[in-house]
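Enquirer: So here's target_15.txt, just compact mmCIF, C-alpha atoms:
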```txt
# COMPACT_ATOMS: atom_id res chain seq x y z
CA MET A 11 1.85 -18.64 -83.87
CA ILE A 12 -1.04 -20.36 -85.57
CA SER A 13 -3.72 -18.10 -86.90
CA THR A 14 -7.27 -19.16 -86.27
CA PRO A 15 -8.86 -20.40 -89.48
CA VAL A 16 -11.81 -18.41 -90.73
CA ILE A 17 -14.95 -20.32 -89.83
CA LYS A 18 -17.18 -20.29 -92.87
CA ASP A 19 -19.82 -22.65 -91.67
CA ASN A 20 -20.36 -25.13 -88.89
CA LYS A 21 -20.16 -28.10 -91.24
CA ALA A 22 -16.38 -27.94 -91.22
CA ILE A 23 -16.47 -28.16 -87.43
CA TRP A 24 -18.90 -31.07 -87.44
CA ASP A 25 -16.59 -32.84 -89.90
CA ILE A 26 -13.67 -32.48 -87.52
CA LEU A 27 -15.80 -33.67 -84.60
CA SER A 28 -16.87 -36.71 -86.59
CA MET A 29 -13.25 -37.92 -86.40
CA VAL A 30 -13.36 -38.08 -82.59
CA THR A 31 -14.27 -41.56 -81.38
CA ASP A 32 -15.69 -42.89 -78.13
CA PRO A 33 -12.79 -44.27 -76.06
CA GLU A 34 -14.89 -47.20 -74.83
CA VAL A 35 -16.54 -48.11 -78.15
CA PRO A 36 -13.88 -46.98 -80.61
CA VAL A 37 -15.92 -47.82 -83.74
CA LEU A 38 -18.39 -45.08 -82.87
CA THR A 39 -17.71 -41.41 -83.33
CA ILE A 40 -19.16 -38.91 -80.90
CA ILE A 41 -21.48 -37.81 -83.72
CA ASP A 42 -22.75 -41.40 -84.19
CA LEU A 43 -23.51 -41.51 -80.46
CA GLY A 44 -25.35 -38.20 -80.43
CA ILE A 45 -23.08 -36.79 -77.71
CA VAL A 46 -22.46 -33.49 -79.55
CA ARG A 47 -25.53 -31.34 -79.11
CA ASP A 48 -24.45 -28.04 -80.61
CA VAL A 49 -21.64 -26.07 -82.17
CA LYS A 50 -21.72 -22.33 -81.51
CA LYS A 51 -19.53 -19.49 -82.66
CA GLU A 52 -19.19 -16.40 -80.53
CA GLY A 53 -16.68 -14.02 -82.09
CA ALA A 54 -13.42 -15.93 -82.26
CA GLN A 55 -14.57 -18.47 -79.73
CA LEU A 56 -15.88 -21.87 -80.66
CA GLU A 57 -18.21 -23.55 -78.19
CA ILE A 58 -18.88 -27.27 -78.39
CA VAL A 59 -21.86 -28.46 -76.37
CA ILE A 60 -21.75 -32.11 -75.30
CA THR A 61 -23.95 -34.35 -73.16
CA PRO A 62 -22.99 -37.52 -71.25
CA THR A 63 -24.62 -40.87 -72.05
CA TYR A 64 -24.82 -41.69 -68.31
CA SER A 65 -24.22 -39.41 -65.29
CA GLY A 66 -21.16 -41.41 -64.31
CA CYS A 67 -19.77 -42.04 -67.79
CA PRO A 68 -16.01 -42.08 -67.15
CA ALA A 69 -15.24 -41.38 -70.82
CA MET A 70 -16.55 -37.80 -70.77
CA ASP A 71 -13.33 -36.15 -69.60
CA MET A 72 -11.35 -38.01 -72.25
CA ILE A 73 -13.89 -37.15 -74.94
CA ALA A 74 -13.64 -33.46 -74.03
CA THR A 75 -9.84 -33.68 -74.21
CA ASN A 76 -9.97 -35.45 -77.57
CA ILE A 77 -12.35 -32.81 -78.97
CA ARG A 78 -9.92 -30.13 -77.88
CA ILE A 79 -6.96 -31.94 -79.47
CA ALA A 80 -8.83 -32.53 -82.75
CA LEU A 81 -9.84 -28.88 -83.03
CA LEU A 82 -6.40 -27.61 -81.99
CA SER A 83 -4.77 -29.76 -84.66
CA HIS A 84 -6.98 -27.98 -87.20
CA GLY A 85 -5.90 -24.61 -85.91
CA PHE A 86 -8.78 -23.75 -83.60
CA ASN A 87 -7.27 -22.62 -80.33
CA ASN A 88 -10.10 -20.67 -78.74
CA ILE A 89 -12.36 -23.49 -77.66
CA LYS A 90 -14.91 -23.80 -74.91
CA ILE A 91 -16.48 -27.16 -74.13
CA THR A 92 -19.76 -27.07 -72.25
CA THR A 93 -21.57 -30.06 -70.77
CA VAL A 94 -25.36 -30.01 -70.66
CA LEU A 95 -27.61 -32.60 -69.02
CA SER A 96 -30.98 -31.66 -70.43
CA PRO A 97 -32.56 -32.93 -72.58
CA ALA A 98 -31.12 -36.20 -71.26
CA TRP A 99 -29.24 -38.35 -73.76
CA THR A 100 -31.18 -41.19 -75.30
CA THR A 101 -30.24 -44.10 -77.54
CA ASP A 102 -32.72 -42.61 -80.04
CA TRP A 103 -29.99 -40.10 -80.90
CA MET A 104 -27.67 -42.78 -82.20
CA SER A 105 -27.26 -42.51 -85.97
CA GLU A 106 -28.30 -45.30 -88.33
CA GLU A 107 -24.71 -45.46 -89.52
CA GLY A 108 -23.59 -45.80 -85.91
CA LYS A 109 -25.94 -48.75 -85.40
CA GLN A 110 -24.54 -50.54 -88.44
CA LYS A 111 -20.98 -49.94 -87.23
CA LEU A 112 -21.84 -51.32 -83.79
CA LYS A 113 -23.30 -54.46 -85.27
CA ALA A 114 -20.23 -55.03 -87.45
CA TYR A 115 -18.10 -54.58 -84.31
CA GLY A 116 -20.01 -57.33 -82.47
CA ILE A 117 -22.24 -55.19 -80.25
CA ALA A 118 -26.01 -55.38 -80.74
CA PRO A 119 -27.30 -51.84 -81.42
CA PRO A 120 -30.28 -50.45 -79.50
CA ASN A 121 -33.60 -51.64 -80.87
CA ALA A 122 -35.51 -49.03 -82.83
CA LYS A 123 -38.58 -49.55 -80.73
CA GLN A 124 -37.59 -49.65 -77.08
CA GLN A 125 -39.36 -52.25 -75.02
CA VAL A 126 -37.79 -52.24 -71.58
CA CYS A 127 -37.72 -48.62 -70.41
CA ARG A 128 -40.44 -49.33 -67.89
CA ASP A 129 -40.46 -50.10 -64.20
CA ASP A 130 -42.55 -53.27 -64.52
CA LEU A 131 -40.86 -56.22 -62.87
CA PHE A 132 -39.76 -59.45 -64.53
CA VAL A 133 -40.78 -58.35 -68.00
CA ALA A 134 -39.92 -60.64 -70.88
CA ASP A 135 -36.46 -60.16 -72.35
CA GLU A 136 -36.28 -57.77 -75.23
CA ALA A 137 -35.84 -59.61 -78.55
CA VAL A 138 -32.31 -58.74 -79.53
CA GLU A 139 -30.56 -59.98 -82.64
CA CYS A 140 -27.23 -61.75 -82.12
CA PRO A 141 -24.58 -59.61 -83.87
CA HIS A 142 -22.59 -62.77 -84.70
CA CYS A 143 -25.06 -65.26 -86.21
CA LYS A 144 -28.14 -62.97 -86.64
CA SER A 145 -30.35 -65.28 -84.60
CA TYR A 146 -33.12 -63.76 -82.49
CA HIS A 147 -32.94 -66.79 -80.23
CA THR A 148 -31.09 -64.92 -77.48
CA HIS A 149 -31.53 -64.20 -73.79
CA ARG A 150 -30.48 -61.51 -71.37
CA VAL A 151 -27.82 -62.52 -68.86
CA SER A 152 -27.75 -59.20 -67.02
CA GLU A 153 -29.20 -55.73 -67.43
CA PHE A 154 -25.79 -54.35 -66.48
CA GLY A 155 -22.78 -55.03 -68.65
CA SER A 156 -19.17 -54.11 -69.33
CA THR A 157 -19.94 -50.38 -69.42
CA ALA A 158 -22.83 -48.29 -68.10
CA CYS A 159 -24.45 -48.17 -71.54
CA LYS A 160 -24.56 -51.92 -72.20
CA ALA A 161 -26.41 -55.05 -71.09
CA LEU A 162 -25.04 -58.59 -71.33
CA TYR A 163 -26.80 -61.08 -73.60
CA GLN A 164 -26.11 -64.59 -74.79
CA CYS A 165 -27.12 -66.19 -78.07
CA ASP A 166 -28.92 -69.53 -77.69
CA SER A 167 -28.11 -70.49 -81.28
CA CYS A 168 -24.38 -69.89 -81.57
CA LYS A 169 -23.92 -69.71 -77.75
CA GLU A 170 -21.73 -66.61 -77.99
CA PRO A 171 -22.12 -63.97 -75.30
CA PHE A 172 -22.49 -60.41 -76.62
CA ASP A 173 -23.05 -56.86 -75.47
CA TYR A 174 -26.31 -55.05 -76.18
CA PHE A 175 -26.32 -51.24 -76.26
CA LYS A 176 -29.27 -50.95 -73.94
CA CYS A 177 -32.34 -48.78 -73.98
CA HIS A 178 -31.86 -45.41 -72.37
CA MET B 15 -29.79 -16.85 -46.97
CA LYS B 16 -31.80 -18.48 -49.70
CA GLN B 17 -28.72 -19.32 -51.67
CA HIS B 18 -26.98 -20.75 -48.63
CA SER B 19 -29.83 -23.12 -47.95
CA SER B 20 -29.78 -24.09 -51.59
CA ILE B 21 -26.20 -25.26 -51.21
CA ASP B 22 -27.05 -27.36 -48.17
CA PHE B 23 -29.81 -28.96 -50.20
CA LEU B 24 -27.42 -29.71 -53.08
CA LEU B 25 -24.87 -31.14 -50.67
CA HIS B 26 -27.53 -33.34 -49.10
CA LEU B 27 -28.46 -34.74 -52.52
CA ALA B 28 -24.81 -35.20 -53.48
CA ASP B 29 -23.84 -36.81 -50.16
CA ASN B 30 -26.68 -39.34 -50.41
CA ALA B 31 -25.43 -40.44 -53.82
CA LEU B 32 -21.73 -40.39 -52.91
CA ILE B 33 -22.02 -42.40 -49.70
CA LEU B 34 -24.26 -45.06 -51.21
CA SER B 35 -21.97 -45.19 -54.24
CA GLN B 36 -19.02 -45.81 -51.91
CA ARG B 37 -20.91 -48.54 -50.03
CA ASN B 38 -21.88 -50.33 -53.24
CA ALA B 39 -18.35 -50.04 -54.60
CA GLU B 40 -17.18 -52.17 -51.67
CA TRP B 41 -18.67 -55.12 -53.58
CA CYS B 42 -16.30 -54.65 -56.51
CA GLY B 43 -14.69 -58.04 -57.05
CA HIS B 44 -16.72 -59.60 -54.19
CA GLY B 45 -20.23 -59.94 -55.65
CA PRO B 46 -21.99 -63.31 -55.27
CA VAL B 47 -21.76 -63.93 -59.03
CA LEU B 48 -19.93 -61.98 -61.71
CA GLU B 49 -23.04 -60.51 -63.39
CA GLN B 50 -24.41 -59.15 -60.11
CA ASP B 51 -21.00 -57.86 -59.07
CA ILE B 52 -21.03 -55.88 -62.32
CA ALA B 53 -24.62 -54.74 -61.72
CA ILE B 54 -24.01 -53.33 -58.24
CA THR B 55 -20.82 -51.58 -59.33
CA ASN B 56 -22.59 -50.11 -62.38
CA ILE B 57 -25.19 -48.73 -59.97
CA SER B 58 -22.35 -47.39 -57.87
CA LEU B 59 -20.95 -45.62 -60.93
CA ASP B 60 -24.33 -44.07 -61.80
CA LEU B 61 -24.63 -42.77 -58.23
CA LEU B 62 -21.12 -41.37 -58.37
CA GLY B 63 -22.04 -39.51 -61.55
CA GLN B 64 -25.14 -38.08 -59.89
CA ALA B 65 -23.06 -37.03 -56.87
CA ARG B 66 -20.56 -35.29 -59.17
CA ASN B 67 -23.32 -33.36 -60.91
CA PHE B 68 -24.67 -32.05 -57.62
CA TYR B 69 -21.19 -31.28 -56.19
CA GLN B 70 -20.17 -29.46 -59.36
CA TYR B 71 -23.27 -27.30 -59.18
CA ALA B 72 -22.77 -26.61 -55.46
CA ALA B 73 -19.12 -25.69 -56.10
CA GLN B 74 -20.13 -23.31 -58.88
CA LEU B 75 -22.65 -21.52 -56.62
CA LEU B 76 -20.19 -21.36 -53.72
CA ASN B 77 -17.53 -19.83 -55.93
CA GLU B 78 -19.99 -17.27 -57.26
CA GLN B 79 -20.94 -16.29 -53.70
CA ALA B 80 -17.51 -15.76 -52.25
CA ASN B 81 -14.02 -15.14 -53.50
CA THR B 82 -11.90 -17.60 -51.66
CA ASN B 83 -8.18 -18.01 -52.31
CA GLU B 84 -8.66 -21.63 -53.20
CA PRO B 85 -11.64 -22.18 -55.45
CA ILE B 86 -14.07 -24.80 -54.16
CA THR B 87 -14.31 -27.86 -56.39
CA GLU B 88 -16.34 -31.06 -56.53
CA ASP B 89 -13.24 -32.78 -55.13
CA SER B 90 -12.85 -30.46 -52.16
CA LEU B 91 -16.52 -30.98 -51.31
CA ALA B 92 -16.20 -34.75 -51.43
CA TYR B 93 -12.75 -35.16 -49.93
CA LEU B 94 -12.23 -32.30 -47.49
CA ARG B 95 -15.45 -31.93 -45.53
CA LYS B 96 -15.75 -33.47 -42.07
CA GLU B 97 -18.24 -36.04 -40.86
CA ARG B 98 -20.58 -33.49 -39.28
CA GLU B 99 -20.71 -31.53 -42.54
CA PHE B 100 -22.11 -34.51 -44.46
CA LYS B 101 -25.88 -34.42 -44.84
CA ASN B 102 -26.66 -37.86 -46.25
CA CYS B 103 -29.53 -39.94 -44.88
CA LEU B 104 -28.42 -42.53 -42.32
CA LEU B 105 -29.73 -45.35 -44.52
CA THR B 106 -27.03 -44.74 -47.12
CA GLU B 107 -24.14 -45.09 -44.65
CA LEU B 108 -25.16 -48.38 -43.00
CA PRO B 109 -22.63 -51.17 -43.63
CA ARG B 110 -23.10 -53.11 -46.83
CA GLY B 111 -23.80 -56.26 -44.77
CA ASP B 112 -24.63 -59.35 -46.80
CA TRP B 113 -26.21 -59.40 -50.25
CA ALA B 114 -29.72 -59.22 -48.77
CA GLN B 115 -28.86 -56.03 -46.88
CA THR B 116 -27.25 -54.45 -49.92
CA ILE B 117 -30.24 -55.33 -52.10
CA LEU B 118 -32.84 -54.16 -49.61
CA ARG B 119 -31.12 -50.82 -48.98
CA GLN B 120 -30.82 -50.24 -52.72
CA PHE B 121 -34.51 -50.93 -53.18
CA LEU B 122 -35.59 -48.69 -50.29
CA PHE B 123 -33.32 -45.88 -51.46
CA SER B 124 -33.97 -46.16 -55.23
CA ASN B 125 -37.69 -46.15 -54.51
CA TYR B 126 -37.24 -42.91 -52.52
CA GLN B 127 -34.89 -41.42 -55.11
CA ASN B 128 -37.37 -42.23 -57.86
CA GLN B 129 -40.11 -40.25 -56.09
CA LEU B 130 -37.79 -37.38 -55.20
CA MET B 131 -36.28 -36.95 -58.66
CA ASN B 132 -39.71 -37.00 -60.25
CA LEU B 133 -40.50 -34.03 -58.03
CA LEU B 134 -37.18 -32.27 -58.65
CA LYS B 135 -37.39 -32.56 -62.42
CA GLU B 136 -40.14 -29.93 -62.18
CA SER B 137 -37.88 -27.64 -60.11
CA ASP B 138 -37.67 -23.92 -60.92
CA ASP B 139 -33.92 -24.33 -60.72
CA SER B 140 -33.17 -25.56 -64.23
CA GLN B 141 -29.86 -27.21 -63.26
CA ILE B 142 -31.49 -29.25 -60.49
CA ALA B 143 -34.26 -30.19 -62.93
CA ALA B 144 -31.70 -31.29 -65.53
CA ILE B 145 -29.75 -33.44 -63.06
CA ALA B 146 -33.00 -35.01 -61.86
CA GLU B 147 -34.18 -35.75 -65.40
CA LYS B 148 -30.85 -37.39 -66.21
CA SER B 149 -30.73 -39.37 -62.95
CA LEU B 150 -34.26 -40.71 -63.37
CA LYS B 151 -33.33 -42.79 -66.40
CA GLU B 152 -30.66 -44.52 -64.35
CA ILE B 153 -32.84 -44.88 -61.26
CA THR B 154 -35.48 -46.71 -63.32
CA TYR B 155 -32.93 -49.48 -63.88
CA HIS B 156 -31.77 -49.49 -60.24
CA LEU B 157 -35.30 -49.70 -58.89
CA ARG B 158 -36.37 -52.51 -61.19
CA TRP B 159 -33.20 -54.51 -60.57
CA SER B 160 -33.33 -54.17 -56.76
CA ALA B 161 -37.10 -54.83 -56.57
CA GLU B 162 -36.67 -58.05 -58.56
CA TRP B 163 -33.94 -59.18 -56.18
CA VAL B 164 -36.03 -58.40 -53.10
CA ILE B 165 -38.69 -60.68 -54.57
CA ARG B 166 -36.25 -63.44 -55.50
CA LEU B 167 -34.67 -63.48 -52.05
CA GLY B 168 -37.87 -62.98 -50.03
CA ASP B 169 -39.76 -65.65 -51.94
CA GLY B 170 -36.64 -67.79 -52.36
CA THR B 171 -35.01 -70.36 -50.11
CA GLU B 172 -35.35 -70.62 -46.35
CA GLU B 173 -31.96 -69.00 -45.94
CA SER B 174 -32.47 -66.15 -48.43
CA ARG B 175 -35.77 -65.36 -46.79
CA ALA B 176 -34.29 -65.36 -43.29
CA ARG B 177 -31.55 -63.02 -44.44
CA MET B 178 -34.05 -60.69 -46.08
CA GLU B 179 -36.15 -60.60 -42.90
CA LYS B 180 -33.07 -59.75 -40.86
CA ALA B 181 -32.18 -56.98 -43.31
CA ILE B 182 -35.68 -55.51 -43.04
CA SER B 183 -35.61 -55.54 -39.27
CA GLU B 184 -32.21 -53.80 -39.26
CA GLN B 185 -32.88 -51.19 -41.94
CA TRP B 186 -36.53 -50.29 -41.46
CA PRO B 187 -35.87 -47.88 -38.53
CA TYR B 188 -33.66 -45.84 -40.89
CA THR B 189 -36.34 -45.25 -43.54
CA GLY B 190 -38.44 -42.66 -41.71
CA GLU B 191 -35.78 -39.97 -41.85
CA MET B 192 -36.03 -39.66 -45.62
CA PHE B 193 -39.54 -38.25 -45.29
CA ILE B 194 -38.92 -35.73 -42.51
CA ALA B 195 -38.12 -32.36 -44.05
CA ALA B 196 -34.84 -30.72 -43.10
CA ASP B 197 -34.74 -26.91 -42.95
CA TYR B 198 -32.92 -26.72 -46.28
CA GLU B 199 -35.60 -28.85 -47.92
CA LYS B 200 -38.38 -26.63 -46.59
CA GLN B 201 -36.50 -23.52 -47.72
CA ASN B 202 -36.31 -25.01 -51.21
CA GLY B 203 -40.03 -25.73 -51.22
CA ILE B 204 -39.55 -29.49 -50.95
CA ASP B 205 -41.69 -31.50 -48.57
CA PRO B 206 -40.49 -35.12 -48.66
CA ALA B 207 -43.45 -36.15 -46.48
CA LEU B 208 -45.53 -35.89 -49.66
CA LEU B 209 -43.47 -38.71 -51.19
CA GLN B 210 -44.09 -41.19 -48.43
CA SER B 211 -47.41 -42.68 -49.51
CA ALA B 212 -46.24 -43.44 -53.07
CA TRP B 213 -43.02 -44.86 -51.63
CA MET B 214 -44.98 -47.07 -49.25
CA GLU B 215 -47.27 -48.25 -52.05
CA LYS B 216 -44.26 -49.54 -53.95
CA VAL B 217 -42.81 -51.20 -50.84
CA LYS B 218 -46.15 -52.92 -50.20
CA GLU B 219 -46.41 -54.11 -53.80
CA VAL B 220 -42.90 -55.57 -53.81
CA PHE B 221 -42.99 -57.02 -50.29
CA GLU B 222 -46.31 -58.68 -51.01
CA GLU B 223 -44.87 -60.33 -54.10
CA ALA B 224 -41.82 -61.30 -52.02
CA THR B 225 -44.09 -62.68 -49.22
CA LEU B 226 -42.34 -60.34 -46.77
CA ALA B 227 -44.02 -58.37 -43.99
CA ILE B 228 -43.66 -54.66 -43.31
CA PRO B 229 -42.47 -54.22 -39.70
CA ALA B 230 -44.96 -53.00 -37.15
CA ASN B 231 -42.19 -51.23 -35.25
CA THR B 232 -42.32 -47.56 -36.13
CA PHE B 233 -39.39 -46.17 -34.15
CA MET B 234 -37.27 -44.12 -36.55
CA HIS B 235 -33.70 -42.86 -36.25
CA THR B 236 -32.97 -39.33 -37.44
CA GLY B 237 -29.99 -37.00 -37.66
CA GLY B 238 -28.20 -37.73 -40.92
CA LYS B 239 -29.75 -34.83 -42.79
CA GLN B 240 -28.49 -32.52 -40.01
CA GLY B 241 -25.00 -34.01 -39.92
CA VAL B 242 -25.48 -36.24 -36.87
CA HIS B 243 -24.45 -39.65 -38.09
CA THR B 244 -24.07 -43.26 -37.00
CA GLU B 245 -20.55 -44.38 -36.12
CA HIS B 246 -20.26 -45.88 -39.62
CA LEU B 247 -19.83 -42.64 -41.57
CA GLY B 248 -16.48 -41.81 -39.96
CA TYR B 249 -15.05 -45.11 -41.19
CA ILE B 250 -16.33 -44.57 -44.73
CA LEU B 251 -14.82 -41.09 -44.87
CA THR B 252 -11.54 -42.35 -43.45
CA GLU B 253 -11.22 -44.68 -46.43
CA LEU B 254 -12.79 -42.34 -49.01
CA GLN B 255 -10.73 -39.30 -48.01
CA TYR B 256 -7.48 -41.01 -47.09
CA MET B 257 -5.48 -40.08 -50.18
CA GLN B 258 -6.40 -36.39 -50.12
CA ARG B 259 -5.80 -36.16 -46.36
CA ALA B 260 -2.45 -37.95 -46.53
CA TYR B 261 -1.25 -36.30 -49.76
CA PRO B 262 -3.12 -32.99 -50.09
CA GLY B 263 -3.71 -32.01 -53.72
CA ALA B 264 -2.59 -35.38 -55.08
CA ALA B 265 -3.85 -35.92 -58.64
CA TRP B 266 -3.82 -38.85 -61.04
```
Could you write out this file's structure as structure tokens?

Expert:
Amino acid sequence: MISTPVIKDNKAIWDILSMVTDPEVPVLTIIDLGIVRDVKKEGAQLEIVITPTYSGCPAMDMIATNIRIALLSHGFNNIKITTVLSPAWTTDWMSEEGKQKLKAYGIAPPNAKQQVCRDDLFVADEAVECPHCKSYHTHRVSEFGSTACKALYQCDSCKEPFDYFKCH
Amino acid sequence: MKQHSSIDFLLHLADNALILSQRNAEWCGHGPVLEQDIAITNISLDLLGQARNFYQYAAQLLNEQANTNEPITEDSLAYLRKEREFKNCLLTELPRGDWAQTILRQFLFSNYQNQLMNLLKESDDSQIAAIAEKSLKEITYHLRWSAEWVIRLGDGTEESRARMEKAISEQWPYTGEMFIAADYEKQNGIDPALLQSAWMEKVKEVFEEATLAIPANTFMHTGGKQGVHTEHLGYILTELQYMQRAYPGAAW
């Protein structure tokens, strides 16, 4: 029988959670993505509050399982994982460190100032920096990419296609 | 009674999203070009997520109301209800047709969903408001994408225009139903008739840009919201529900 560790402060929990990565973008932790909204302690029970990036994000079940495994392996066995939808997840919650990691991985991080979250039609492509050659001479191929959270771009300088973590 | 009608309303919202999601998913691997194949299936995935959120909430309320031997789940609501129990609008169940029909239906429905979710995000029911707030971000993408395609095809080649005109003539008679309140909508204080003028404004704006005309014919089919469907829904459910009907309780 494993005894539940004494929880001194939530930082220890956040540290454990920062080792859980996104199954679809494995360079990002769930903390980098801003998926973990809260950590609560109620008696012996630990509640982790998470929010999906998109309604249909197929990674959420796996993320919840991985959170459970990470906490169990540190001796926490009374865990409740709650999913909340509001406030709705936004790319603004992605950490600066997360953005740098994305870029190094070859995915353009969301622009700091979002330009396309509007319903105007045929707006000019957002200026996105190519994660490979750093050129801004790029164009959008499609607003929908390899996962719900990405758009497909191509660099006009080095010609490489790349994913852009799109505005949300 | 109030709670019961609430569940019908949730099921209606979930069924709309599930059935259109299923229709769009039929394009997987068959889209006209790879990027648009990915776009329509991404939209399908967003709709599936929205459907799951509404089904999960409905299941939670149903389980709180009654102690059944088998708890009701999002899966039992999607896979084990019969055709007449589905409350989706007829528009969502029409065959995917060609690309013009798929695009037009998505535009007509996303435009409606955009209006409806803007209303529901102010709901007194905080869970409905949260689902609506979340869905709206996705719908913004769907509406923009489908409106741009309506314009490209309408104001495109002779063939793309002819196909778009055919799609309009086939689908227009299924648009009126969205704005006629069902009992469960009224009981939840929702009057979709109030959404119609803003919806029509957007249609006019996009059709004008696309050089397409709004049909003069105003005959409208109804019934989907009450569970009286076209012959198409039975075929969708046959495919969608096959695994759970053939192998009850099967899991991945």

Enquirer: For a cutoff of 10 Å around the file-coordinate point (-31.1, -56.9, -44.3), which residues qualify once you count only C-alpha atoms? I'd like the result as a list of chain:residue names.

Expert: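 The requested residues, written out, are B:Arg110, B:Gly111, B:Asp112, B:Trp113, B:Ala114, B:Gln115, B:Thr116, B:Ile117, B:Leu118, B:Arg119, B:Arg175, B:Ala176, B:Arg177, B:Met178, B:Glu179, B:Lys180, B:Ala181, B:Ile182, B:Ser183, B:Glu184, B:Gln185, B:Trp186.
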
Enquirer: Which of these residues is nearest to Leu208 in chain B, using all atoms listed in the file: B:Ser20, B:Leu133, B:Ala227, B:Leu251?

Expert: B:Leu133

Enquirer: Kindly provide, as a PyMOL selection string, the residues of chain A having any atom no farther than 9 Å from an atom of chain B, counting only C-alpha atoms.

Expert: chain A and resi 64-68+94-99+127-132+151-158+162+178

Enquirer: Can you write just those residues out, C-alpha atoms, as a PDB file, keeping the file's coordinate frame?

Expert:
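New file result.pdb:
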```pdb
ATOM      1  CA  TYR A  64     -24.820 -41.690 -68.310  1.00  0.00           C
ATOM      2  CA  SER A  65     -24.220 -39.410 -65.290  1.00  0.00           C
ATOM      3  CA  GLY A  66     -21.160 -41.410 -64.310  1.00  0.00           C
ATOM      4  CA  CYS A  67     -19.770 -42.040 -67.790  1.00  0.00           C
ATOM      5  CA  PRO A  68     -16.010 -42.080 -67.150  1.00  0.00           C
ATOM      6  CA  VAL A  94     -25.360 -30.010 -70.660  1.00  0.00           C
ATOM      7  CA  LEU A  95     -27.610 -32.600 -69.020  1.00  0.00           C
ATOM      8  CA  SER A  96     -30.980 -31.660 -70.430  1.00  0.00           C
ATOM      9  CA  PRO A  97     -32.560 -32.930 -72.580  1.00  0.00           C
ATOM     10  CA  ALA A  98     -31.120 -36.200 -71.260  1.00  0.00           C
ATOM     11  CA  TRP A  99     -29.240 -38.350 -73.760  1.00  0.00           C
ATOM     12  CA  CYS A 127     -37.720 -48.620 -70.410  1.00  0.00           C
ATOM     13  CA  ARG A 128     -40.440 -49.330 -67.890  1.00  0.00           C
ATOM     14  CA  ASP A 129     -40.460 -50.100 -64.200  1.00  0.00           C
ATOM     15  CA  ASP A 130     -42.550 -53.270 -64.520  1.00  0.00           C
ATOM     16  CA  LEU A 131     -40.860 -56.220 -62.870  1.00  0.00           C
ATOM     17  CA  PHE A 132     -39.760 -59.450 -64.530  1.00  0.00           C
ATOM     18  CA  VAL A 151     -27.820 -62.520 -68.860  1.00  0.00           C
ATOM     19  CA  SER A 152     -27.750 -59.200 -67.020  1.00  0.00           C
ATOM     20  CA  GLU A 153     -29.200 -55.730 -67.430  1.00  0.00           C
ATOM     21  CA  PHE A 154     -25.790 -54.350 -66.480  1.00  0.00           C
ATOM     22  CA  GLY A 155     -22.780 -55.030 -68.650  1.00  0.00           C
ATOM     23  CA  SER A 156     -19.170 -54.110 -69.330  1.00  0.00           C
ATOM     24  CA  THR A 157     -19.940 -50.380 -69.420  1.00  0.00           C
ATOM     25  CA  ALA A 158     -22.830 -48.290 -68.100  1.00  0.00           C
ATOM     26  CA  LEU A 162     -25.040 -58.590 -71.330  1.00  0.00           C
ATOM     27  CA  HIS A 178     -31.860 -45.410 -72.370  1.00  0.00           C
TER      28      HIS A 178
END
```

Enquirer: For Ala161 in chain A, which of A:Asp135, A:Glu52, A:Asp102, A:Glu107 is the closest residue, counting all atoms listed in the file?

Expert: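 Smallest separation from Ala161 in chain A among the options: A:Asp135.
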
Enquirer: Tell me, in Å to one decimal, how far CA of Asn87 in chain A is from CA of Asp71 in chain A.

Expert: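 CA of Asp71 in chain A lies at a distance of 18.3 Å from CA of Asn87 in chain A.
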
Enquirer: Just the residues within 8 Å of range 209-213 of chain B, please, counting all atoms listed in the file, with nothing from its chain fewer than 5 positions along; format it as a ChimeraX atom specification.

Expert: /B:125-126,129-130,193

Enquirer: At a cut-off of 8 Å, using only C-alpha atoms, what residues contact Asp169 in chain B? Leave out same-chain residues fewer than 5 positions from it and give the result as a list of chain:residue names.

Expert: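 Residues meeting the cut-off are B:Arg175, B:Glu223, B:Ala224, B:Thr225, B:Leu226.
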
Enquirer: Counting only C-alpha atoms, what is within 8 Å of range 252-264 of chain B, bar same-chain residues fewer than 5 positions away, as a PyMOL selection string?

Expert: chain B and resi 36+92-94

Enquirer: Tell me, as an MDAnalysis selection string, which residues lie within 6 Å of range 232-247 of chain B, counting all atoms listed in the file; anything in the same chain fewer than 5 positions away does not count.

Expert: chainID B and resid 98:104 107 187:188 190:191

Enquirer: Could you write out that same residue set with C-alpha atoms as a PDB file, keeping the file's coordinate frame?

Expert:
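Writing done, so here's part.pdb:
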```pdb
ATOM      1  CA  ARG B  98     -20.580 -33.490 -39.280  1.00  0.00           C
ATOM      2  CA  GLU B  99     -20.710 -31.530 -42.540  1.00  0.00           C
ATOM      3  CA  PHE B 100     -22.110 -34.510 -44.460  1.00  0.00           C
ATOM      4  CA  LYS B 101     -25.880 -34.420 -44.840  1.00  0.00           C
ATOM      5  CA  ASN B 102     -26.660 -37.860 -46.250  1.00  0.00           C
ATOM      6  CA  CYS B 103     -29.530 -39.940 -44.880  1.00  0.00           C
ATOM      7  CA  LEU B 104     -28.420 -42.530 -42.320  1.00  0.00           C
ATOM      8  CA  GLU B 107     -24.140 -45.090 -44.650  1.00  0.00           C
ATOM      9  CA  PRO B 187     -35.870 -47.880 -38.530  1.00  0.00           C
ATOM     10  CA  TYR B 188     -33.660 -45.840 -40.890  1.00  0.00           C
ATOM     11  CA  GLY B 190     -38.440 -42.660 -41.710  1.00  0.00           C
ATOM     12  CA  GLU B 191     -35.780 -39.970 -41.850  1.00  0.00           C
TER      13      GLU B 191
END
```
